[in-house]
Amino acid sequence: MHQPHQDCPDCSRDDVSRRAFVKHTAAGLAASSLLGATGSAIAAKPAAAAKPTSETLVTQLYKTLTPAQKKVMAFKYDHSLRHEIENNWFITKARVGQSFNKDQQALIHDIFINLHSEEYIDKVIKQVDEDARGNGIKKSSIAIFGEPGTGKFEFVMTGRHFTRRCDGDSQEGTAFGGPIFYGHAAGSFNEKPHHPGNVYWYQAKRANEVFQMLDGKQRKAALCGSGRAEGGRFTVELKGDEKAKEIEGLPMTELSKDQRAHVMKVINDVLLPYREADRKETLKYIAAGDNFDKTRIAFYQKQDIGNDKVWDVWQIEGPHMISYFRGKPHVHAWLHVKQG
């Protein structure tokens, strides 16, 4: 069992030219096709092949693994390690830049890239590289649970300030295949109140817009003392309906229609860095039945950097979801969403 830590527990780019080349080539093909349609002698090009999914690439990677590699980072699907999560950790000793050949590294690189949206991947890579002090993907570690292509499986990739999962919906009713973590210490361990350079601070700015929309009574209900303690799985344990009364903050049912719509904008902002399939699945679970109505939003006034009343720590929690954003001393954010 992990012990909770109130203070920051982690006190104790890769090259994307290949992706840019693919985008450039695709643009060239589209332009050639357009010329053909407008009377040019250039023949229309055939449609580009579909982009491989991360799941497909995980299957390809698994087929290349040697027995020695599997011994370090391949496990049965029901292995307990699959359920672990931390803010700064290496799930196995299999480091991408040391334990795998160049072709395998390229596959792992593309698995990670394809788990994110095109709009945000460059910012995500910036975070991974800065927090690892360079070559963040190569310094990260991976594990594979189950045998991809033959049944249930999950690929997990971890490093400082990130945990990502790819499971092909093997974990039924669970967004991302389990809890994920993202964070950033931009420039320094102790960030300034406006968090310059932090790639995830935009999410807190959106959440603070919700607070500004609240009236006095609502603000009183939304303001709490200090955020939850952090300690691995402990941080993202879901309370379920039986412990829903323990959730703190302002109930979603006490918000007006426009306030509720702005909370959904916050949730959408939290999901923007990730691929469309994961975003859709997560929103489906949150919107199902009365799940959204059961959530509460909270802001933590005792962790306000600079005492500027721009709340650095906040969360949206319901019986079947947690989105916890801790922006002091730098950003740690945890996300766990299940079907109600």
# chains A, B, ... in the order shown; residues from 1 in each chain; ligands from 1

call {"tool": "closest_atom_pairs", "arguments": {"of": "region 177-242 of chain A", "to": "region 327-336 of chain A", "cutoff": "6 Å", "atoms": "only C-alpha atoms", "output": "tab-separated table"}}
result
residue	atom	partner	partner_atom	distance
A:Pro179	CA	A:His336	CA	4.4
A:Ile180	CA	A:Leu335	CA	5.5
A:Phe181	CA	A:Trp334	CA	4.7
A:Tyr182	CA	A:Ala333	CA	5.3
A:Gly183	CA	A:His332	CA	4.4
A:His184	CA	A:Val331	CA	5.2
A:Ala185	CA	A:His330	CA	5.2
A:Asn190	CA	A:Pro329	CA	4.7
A:Glu191	CA	A:His330	CA	5.5

call {"tool": "select_by_dssp", "arguments": {"residues": "region 125-299 of chain A", "states": "alpha helix (DSSP H)", "output": "mmCIF file with N, CA and C atoms, in the first residue's frame"}}
result
data_model
loop_
_atom_site.group_PDB
_atom_site.id
_atom_site.type_symbol
_atom_site.label_atom_id
_atom_site.label_comp_id
_atom_site.auth_asym_id
_atom_site.auth_seq_id
_atom_site.Cartn_x
_atom_site.Cartn_y
_atom_site.Cartn_z
ATOM 1 N N ILE A 125 5.552 16.646 -25.769
ATOM 2 C CA ILE A 125 6.964 16.298 -25.925
ATOM 3 C C ILE A 125 7.846 17.319 -25.206
ATOM 4 N N LYS A 126 7.485 18.590 -25.292
ATOM 5 C CA LYS A 126 8.225 19.645 -24.587
ATOM 6 C C LYS A 126 8.260 19.356 -23.087
ATOM 7 N N GLN A 127 7.112 18.995 -22.529
ATOM 8 C CA GLN A 127 7.048 18.678 -21.103
ATOM 9 C C GLN A 127 7.906 17.466 -20.762
ATOM 10 N N VAL A 128 7.758 16.401 -21.543
ATOM 11 C CA VAL A 128 8.497 15.165 -21.264
ATOM 12 C C VAL A 128 10.002 15.411 -21.328
ATOM 13 N N ASP A 129 10.429 16.169 -22.321
ATOM 14 C CA ASP A 129 11.859 16.453 -22.467
ATOM 15 C C ASP A 129 12.377 17.361 -21.360
ATOM 16 N N GLU A 130 11.635 18.410 -21.043
ATOM 17 C CA GLU A 130 12.093 19.344 -20.006
ATOM 18 C C GLU A 130 12.187 18.665 -18.651
ATOM 19 N N ASP A 131 11.184 17.861 -18.308
ATOM 20 C CA ASP A 131 11.189 17.226 -16.989
ATOM 21 C C ASP A 131 12.230 16.124 -16.877
ATOM 22 N N GLY A 136 13.341 12.781 -23.227
ATOM 23 C CA GLY A 136 12.402 12.214 -22.267
ATOM 24 C C GLY A 136 11.860 10.856 -22.651
ATOM 25 N N ILE A 137 11.541 10.648 -23.914
ATOM 26 C CA ILE A 137 11.000 9.350 -24.321
ATOM 27 C C ILE A 137 12.057 8.257 -24.158
ATOM 28 N N LYS A 138 13.299 8.547 -24.550
ATOM 29 C CA LYS A 138 14.355 7.537 -24.420
ATOM 30 C C LYS A 138 14.661 7.210 -22.966
ATOM 31 N N LYS A 139 14.403 8.150 -22.059
ATOM 32 C CA LYS A 139 14.672 7.911 -20.643
ATOM 33 C C LYS A 139 13.504 7.251 -19.926
ATOM 34 N N TRP A 201 -0.968 24.570 -17.577
ATOM 35 C CA TRP A 201 -1.600 25.611 -16.767
ATOM 36 C C TRP A 201 -2.881 26.142 -17.400
ATOM 37 N N TYR A 202 -3.016 26.041 -18.699
ATOM 38 C CA TYR A 202 -4.238 26.504 -19.374
ATOM 39 C C TYR A 202 -5.484 25.840 -18.780
ATOM 40 N N GLN A 203 -5.347 24.614 -18.262
ATOM 41 C CA GLN A 203 -6.489 23.918 -17.677
ATOM 42 C C GLN A 203 -6.953 24.604 -16.395
ATOM 43 N N ALA A 204 -6.008 25.038 -15.583
ATOM 44 C CA ALA A 204 -6.367 25.746 -14.354
ATOM 45 C C ALA A 204 -6.988 27.107 -14.653
ATOM 46 N N LYS A 205 -6.520 27.754 -15.694
ATOM 47 C CA LYS A 205 -7.102 29.042 -16.081
ATOM 48 C C LYS A 205 -8.569 28.856 -16.453
ATOM 49 N N ARG A 206 -8.881 27.786 -17.168
ATOM 50 C CA ARG A 206 -10.275 27.512 -17.523
ATOM 51 C C ARG A 206 -11.089 27.208 -16.265
ATOM 52 N N ALA A 207 -10.527 26.422 -15.340
ATOM 53 C CA ALA A 207 -11.245 26.094 -14.106
ATOM 54 C C ALA A 207 -11.512 27.347 -13.286
ATOM 55 N N ASN A 208 -10.560 28.269 -13.252
ATOM 56 C CA ASN A 208 -10.760 29.514 -12.508
ATOM 57 C C ASN A 208 -11.837 30.395 -13.146
ATOM 58 N N GLU A 209 -12.071 30.239 -14.433
ATOM 59 C CA GLU A 209 -13.187 30.944 -15.074
ATOM 60 C C GLU A 209 -14.514 30.476 -14.485
ATOM 61 N N VAL A 210 -14.614 29.191 -14.165
ATOM 62 C CA VAL A 210 -15.814 28.681 -13.513
ATOM 63 C C VAL A 210 -16.000 29.369 -12.171
ATOM 64 N N PHE A 211 -14.912 29.453 -11.396
ATOM 65 C CA PHE A 211 -15.019 30.077 -10.075
ATOM 66 C C PHE A 211 -15.519 31.520 -10.181
ATOM 67 N N GLN A 212 -15.041 32.245 -11.185
ATOM 68 C CA GLN A 212 -15.456 33.633 -11.363
ATOM 69 C C GLN A 212 -16.952 33.747 -11.693
ATOM 70 N N MET A 213 -17.540 32.685 -12.211
ATOM 71 C CA MET A 213 -18.965 32.686 -12.539
ATOM 72 C C MET A 213 -19.851 32.404 -11.327
ATOM 73 N N GLY A 216 -21.770 34.267 -4.333
ATOM 74 C CA GLY A 216 -21.145 34.142 -3.016
ATOM 75 C C GLY A 216 -21.422 32.827 -2.325
ATOM 76 N N LYS A 217 -22.669 32.377 -2.371
ATOM 77 C CA LYS A 217 -23.031 31.115 -1.721
ATOM 78 C C LYS A 217 -22.335 29.940 -2.391
ATOM 79 N N GLN A 218 -22.265 29.969 -3.708
ATOM 80 C CA GLN A 218 -21.609 28.887 -4.446
ATOM 81 C C GLN A 218 -20.112 28.860 -4.157
ATOM 82 N N ARG A 219 -19.497 30.035 -4.088
ATOM 83 C CA ARG A 219 -18.053 30.086 -3.803
ATOM 84 C C ARG A 219 -17.741 29.513 -2.430
ATOM 85 N N LYS A 220 -18.597 29.811 -1.470
ATOM 86 C CA LYS A 220 -18.383 29.287 -0.126
ATOM 87 C C LYS A 220 -18.404 27.766 -0.125
ATOM 88 N N ALA A 221 -19.307 27.180 -0.920
ATOM 89 C CA ALA A 221 -19.393 25.722 -0.989
ATOM 90 C C ALA A 221 -18.226 25.127 -1.773
ATOM 91 N N ALA A 222 -17.716 25.867 -2.758
ATOM 92 C CA ALA A 222 -16.648 25.347 -3.612
ATOM 93 C C ALA A 222 -15.271 25.462 -2.974
ATOM 94 N N LYS A 257 -27.243 26.437 -15.852
ATOM 95 C CA LYS A 257 -26.967 25.787 -17.128
ATOM 96 C C LYS A 257 -25.660 26.275 -17.733
ATOM 97 N N ASP A 258 -25.409 27.592 -17.707
ATOM 98 C CA ASP A 258 -24.174 28.116 -18.303
ATOM 99 C C ASP A 258 -22.959 27.772 -17.456
ATOM 100 N N GLN A 259 -23.122 27.693 -16.139
ATOM 101 C CA GLN A 259 -22.011 27.285 -15.281
ATOM 102 C C GLN A 259 -21.636 25.824 -15.533
ATOM 103 N N ARG A 260 -22.634 24.986 -15.664
ATOM 104 C CA ARG A 260 -22.393 23.568 -15.948
ATOM 105 C C ARG A 260 -21.706 23.402 -17.303
ATOM 106 N N ALA A 261 -22.133 24.215 -18.275
ATOM 107 C CA ALA A 261 -21.500 24.147 -19.598
ATOM 108 C C ALA A 261 -20.029 24.527 -19.509
ATOM 109 N N HIS A 262 -19.698 25.467 -18.619
ATOM 110 C CA HIS A 262 -18.302 25.870 -18.484
ATOM 111 C C HIS A 262 -17.481 24.779 -17.790
ATOM 112 N N VAL A 263 -18.098 24.050 -16.869
ATOM 113 C CA VAL A 263 -17.398 22.911 -16.262
ATOM 114 C C VAL A 263 -17.081 21.877 -17.330
ATOM 115 N N MET A 264 -18.007 21.657 -18.260
ATOM 116 C CA MET A 264 -17.734 20.717 -19.349
ATOM 117 C C MET A 264 -16.589 21.215 -20.223
ATOM 118 N N LYS A 265 -16.440 22.535 -20.355
ATOM 119 C CA LYS A 265 -15.292 23.077 -21.088
ATOM 120 C C LYS A 265 -13.996 22.746 -20.358
ATOM 121 N N VAL A 266 -14.029 22.783 -19.027
ATOM 122 C CA VAL A 266 -12.844 22.399 -18.245
ATOM 123 C C VAL A 266 -12.486 20.945 -18.535
ATOM 124 N N ILE A 267 -13.486 20.070 -18.495
ATOM 125 C CA ILE A 267 -13.241 18.652 -18.752
ATOM 126 C C ILE A 267 -12.703 18.449 -20.166
ATOM 127 N N ASN A 268 -13.252 19.171 -21.118
ATOM 128 C CA ASN A 268 -12.747 19.082 -22.487
ATOM 129 C C ASN A 268 -11.299 19.553 -22.572
ATOM 130 N N ASP A 269 -10.960 20.618 -21.842
ATOM 131 C CA ASP A 269 -9.578 21.100 -21.839
ATOM 132 C C ASP A 269 -8.625 20.063 -21.254
ATOM 133 N N VAL A 270 -9.064 19.380 -20.204
ATOM 134 C CA VAL A 270 -8.250 18.320 -19.606
ATOM 135 C C VAL A 270 -7.948 17.233 -20.628
ATOM 136 N N LEU A 271 -8.897 16.973 -21.517
ATOM 137 C CA LEU A 271 -8.766 15.873 -22.476
ATOM 138 C C LEU A 271 -8.111 16.266 -23.787
ATOM 139 N N GLU A 276 -8.415 11.269 -30.112
ATOM 140 C CA GLU A 276 -9.865 11.413 -30.164
ATOM 141 C C GLU A 276 -10.594 10.223 -29.546
ATOM 142 N N ALA A 277 -10.123 9.010 -29.796
ATOM 143 C CA ALA A 277 -10.809 7.827 -29.277
ATOM 144 C C ALA A 277 -10.878 7.840 -27.761
ATOM 145 N N ASP A 278 -9.793 8.228 -27.110
ATOM 146 C CA ASP A 278 -9.784 8.282 -25.644
ATOM 147 C C ASP A 278 -10.643 9.428 -25.129
ATOM 148 N N ARG A 279 -10.631 10.545 -25.828
ATOM 149 C CA ARG A 279 -11.477 11.672 -25.415
ATOM 150 C C ARG A 279 -12.953 11.284 -25.480
ATOM 151 N N LYS A 280 -13.357 10.664 -26.586
ATOM 152 C CA LYS A 280 -14.757 10.283 -26.764
ATOM 153 C C LYS A 280 -15.201 9.276 -25.703
ATOM 154 N N GLU A 281 -14.350 8.304 -25.442
ATOM 155 C CA GLU A 281 -14.702 7.292 -24.446
ATOM 156 C C GLU A 281 -14.864 7.919 -23.068
ATOM 157 N N THR A 282 -13.946 8.799 -22.702
ATOM 158 C CA THR A 282 -14.005 9.444 -21.401
ATOM 159 C C THR A 282 -15.268 10.280 -21.251
ATOM 160 N N LEU A 283 -15.578 11.083 -22.261
ATOM 161 C CA LEU A 283 -16.781 11.920 -22.217
ATOM 162 C C LEU A 283 -18.046 11.068 -22.180
ATOM 163 N N LYS A 284 -18.033 9.942 -22.851
ATOM 164 C CA LYS A 284 -19.192 9.039 -22.845
ATOM 165 C C LYS A 284 -19.483 8.557 -21.434
ATOM 166 N N TYR A 285 -18.435 8.177 -20.694
ATOM 167 C CA TYR A 285 -18.633 7.690 -19.333
ATOM 168 C C TYR A 285 -19.088 8.811 -18.407
ATOM 169 N N ILE A 286 -18.533 10.003 -18.573
ATOM 170 C CA ILE A 286 -18.903 11.120 -17.707
ATOM 171 C C ILE A 286 -20.346 11.549 -17.948
ATOM 172 N N ALA A 287 -20.782 11.522 -19.212
ATOM 173 C CA ALA A 287 -22.118 11.995 -19.573
ATOM 174 C C ALA A 287 -23.207 10.948 -19.358
#

call {"tool": "select_by_dssp", "arguments": {"residues": "region 68-197 of chain A", "states": "strand (DSSP E)", "output": "list in words"}}
result
Ala74, Phe75, Ser141, Ile142, Ala143, Ile144, Phe145, Gly146, Phe153, Glu154, Phe155, Val156, Met157, Thr158, Gly159, Phe162, Thr163, Arg164, Arg165, Cys166, Ile180, Phe181, Tyr182, Gly183 and His184 of chain A

call {"tool": "write_last_selection", "arguments": {"atoms": "N, CA and C atoms", "output": "tab-separated table (two decimals), in the first residue's frame"}}
result
chain	number	residue	atom	x	y	z
A	74	ALA	N	7.55	-7.73	-19.88
A	74	ALA	CA	6.31	-8.35	-20.34
A	74	ALA	C	5.74	-9.24	-19.23
A	75	PHE	N	4.45	-9.07	-18.96
A	75	PHE	CA	3.82	-9.75	-17.83
A	75	PHE	C	2.45	-10.29	-18.25
A	141	SER	N	10.31	4.37	-19.34
A	141	SER	CA	10.27	2.91	-19.29
A	141	SER	C	8.90	2.42	-19.73
A	142	ILE	N	8.84	1.15	-20.14
A	142	ILE	CA	7.57	0.59	-20.59
A	142	ILE	C	7.34	-0.79	-19.99
A	143	ALA	N	6.07	-1.20	-20.04
A	143	ALA	CA	5.69	-2.56	-19.70
A	143	ALA	C	4.54	-2.96	-20.60
A	144	ILE	N	4.44	-4.25	-20.91
A	144	ILE	CA	3.32	-4.77	-21.67
A	144	ILE	C	2.69	-5.91	-20.87
A	145	PHE	N	1.38	-5.84	-20.69
A	145	PHE	CA	0.64	-6.86	-19.94
A	145	PHE	C	-0.27	-7.61	-20.91
A	146	GLY	N	-0.20	-8.92	-20.87
A	146	GLY	CA	-0.93	-9.73	-21.84
A	146	GLY	C	-0.16	-9.81	-23.15
A	153	PHE	N	-4.78	-6.89	-23.48
A	153	PHE	CA	-3.40	-6.45	-23.26
A	153	PHE	C	-3.42	-4.99	-22.83
A	154	GLU	N	-2.32	-4.55	-22.28
A	154	GLU	CA	-2.16	-3.14	-21.96
A	154	GLU	C	-0.69	-2.76	-22.03
A	155	PHE	N	-0.42	-1.66	-22.69
A	155	PHE	CA	0.91	-1.07	-22.79
A	155	PHE	C	0.94	0.13	-21.85
A	156	VAL	N	1.95	0.20	-21.00
A	156	VAL	CA	2.08	1.32	-20.06
A	156	VAL	C	3.47	1.93	-20.23
A	157	MET	N	3.50	3.25	-20.30
A	157	MET	CA	4.75	3.98	-20.49
A	157	MET	C	4.83	5.06	-19.41
A	158	THR	N	5.97	5.13	-18.72
A	158	THR	CA	6.08	6.04	-17.58
A	158	THR	C	7.42	6.76	-17.57
A	159	GLY	N	7.43	7.86	-16.85
A	159	GLY	CA	8.64	8.64	-16.63
A	159	GLY	C	8.34	9.74	-15.63
A	162	PHE	N	4.71	11.67	-16.11
A	162	PHE	CA	3.72	11.11	-17.02
A	162	PHE	C	3.55	9.61	-16.85
A	163	THR	N	2.31	9.18	-16.98
A	163	THR	CA	1.95	7.78	-17.11
A	163	THR	C	0.90	7.69	-18.19
A	164	ARG	N	1.18	6.93	-19.25
A	164	ARG	CA	0.25	6.77	-20.36
A	164	ARG	C	-0.08	5.29	-20.53
A	165	ARG	N	-1.30	5.04	-21.00
A	165	ARG	CA	-1.77	3.67	-21.18
A	165	ARG	C	-2.38	3.49	-22.56
A	166	CYS	N	-2.26	2.29	-23.09
A	166	CYS	CA	-2.85	1.93	-24.37
A	166	CYS	C	-3.34	0.49	-24.21
A	180	ILE	N	-4.40	7.80	-15.42
A	180	ILE	CA	-3.21	8.37	-16.03
A	180	ILE	C	-2.76	9.57	-15.21
A	181	PHE	N	-1.50	9.95	-15.43
A	181	PHE	CA	-0.93	11.09	-14.73
A	181	PHE	C	-0.21	11.98	-15.74
A	182	TYR	N	-0.31	13.29	-15.54
A	182	TYR	CA	0.47	14.23	-16.33
A	182	TYR	C	0.86	15.41	-15.45
A	183	GLY	N	2.00	16.02	-15.74
A	183	GLY	CA	2.45	17.14	-14.94
A	183	GLY	C	3.58	17.87	-15.64
A	184	HIS	N	4.08	18.91	-14.99
A	184	HIS	CA	5.16	19.69	-15.58
A	184	HIS	C	5.74	20.61	-14.52

call {"tool": "residues_around", "arguments": {"residues": "Leu115 (chain A)", "least_positions_apart": "2", "cutoff": "7 Å", "atoms": "only C-alpha atoms", "output": "list of chain:residue names"}}
result
A:Ser54, A:Ile111, A:Phe112, A:Ile113, A:Tyr274, A:Arg275

call {"tool": "write_last_selection", "arguments": {"atoms": "C-alpha atoms", "output": "PDB file, in the first residue's frame"}}
result
ATOM      1  CA  SER A  54      -1.064   2.767 -31.030  1.00  0.00           C
ATOM      2  CA  ILE A 111       2.998   4.573 -29.913  1.00  0.00           C
ATOM      3  CA  PHE A 112       3.446   7.548 -27.604  1.00  0.00           C
ATOM      4  CA  ILE A 113       2.876  10.097 -30.372  1.00  0.00           C
ATOM      5  CA  TYR A 274      -5.112  13.015 -25.964  1.00  0.00           C
ATOM      6  CA  ARG A 275      -6.256  11.149 -29.072  1.00  0.00           C
TER       7      ARG A 275
END

call {"tool": "closest_residue", "arguments": {"among": "A:Ala175, A:Leu214, A:His116, A:Arg233", "to": "Ser80 (chain A)", "atoms": "only C-alpha atoms"}}
result
A:Arg233

call {"tool": "closest_residue", "arguments": {"among": "A:Thr59, A:Ser256, A:Asn87, A:Thr64", "to": "Thr235 (chain A)", "atoms": "only C-alpha atoms"}}
result
A:Asn87

call {"tool": "atom_distance", "arguments": {"atom1": "CA of Pro196 (chain A)", "atom2": "CA of Tyr324 (chain A)"}}
result
20.4 Å
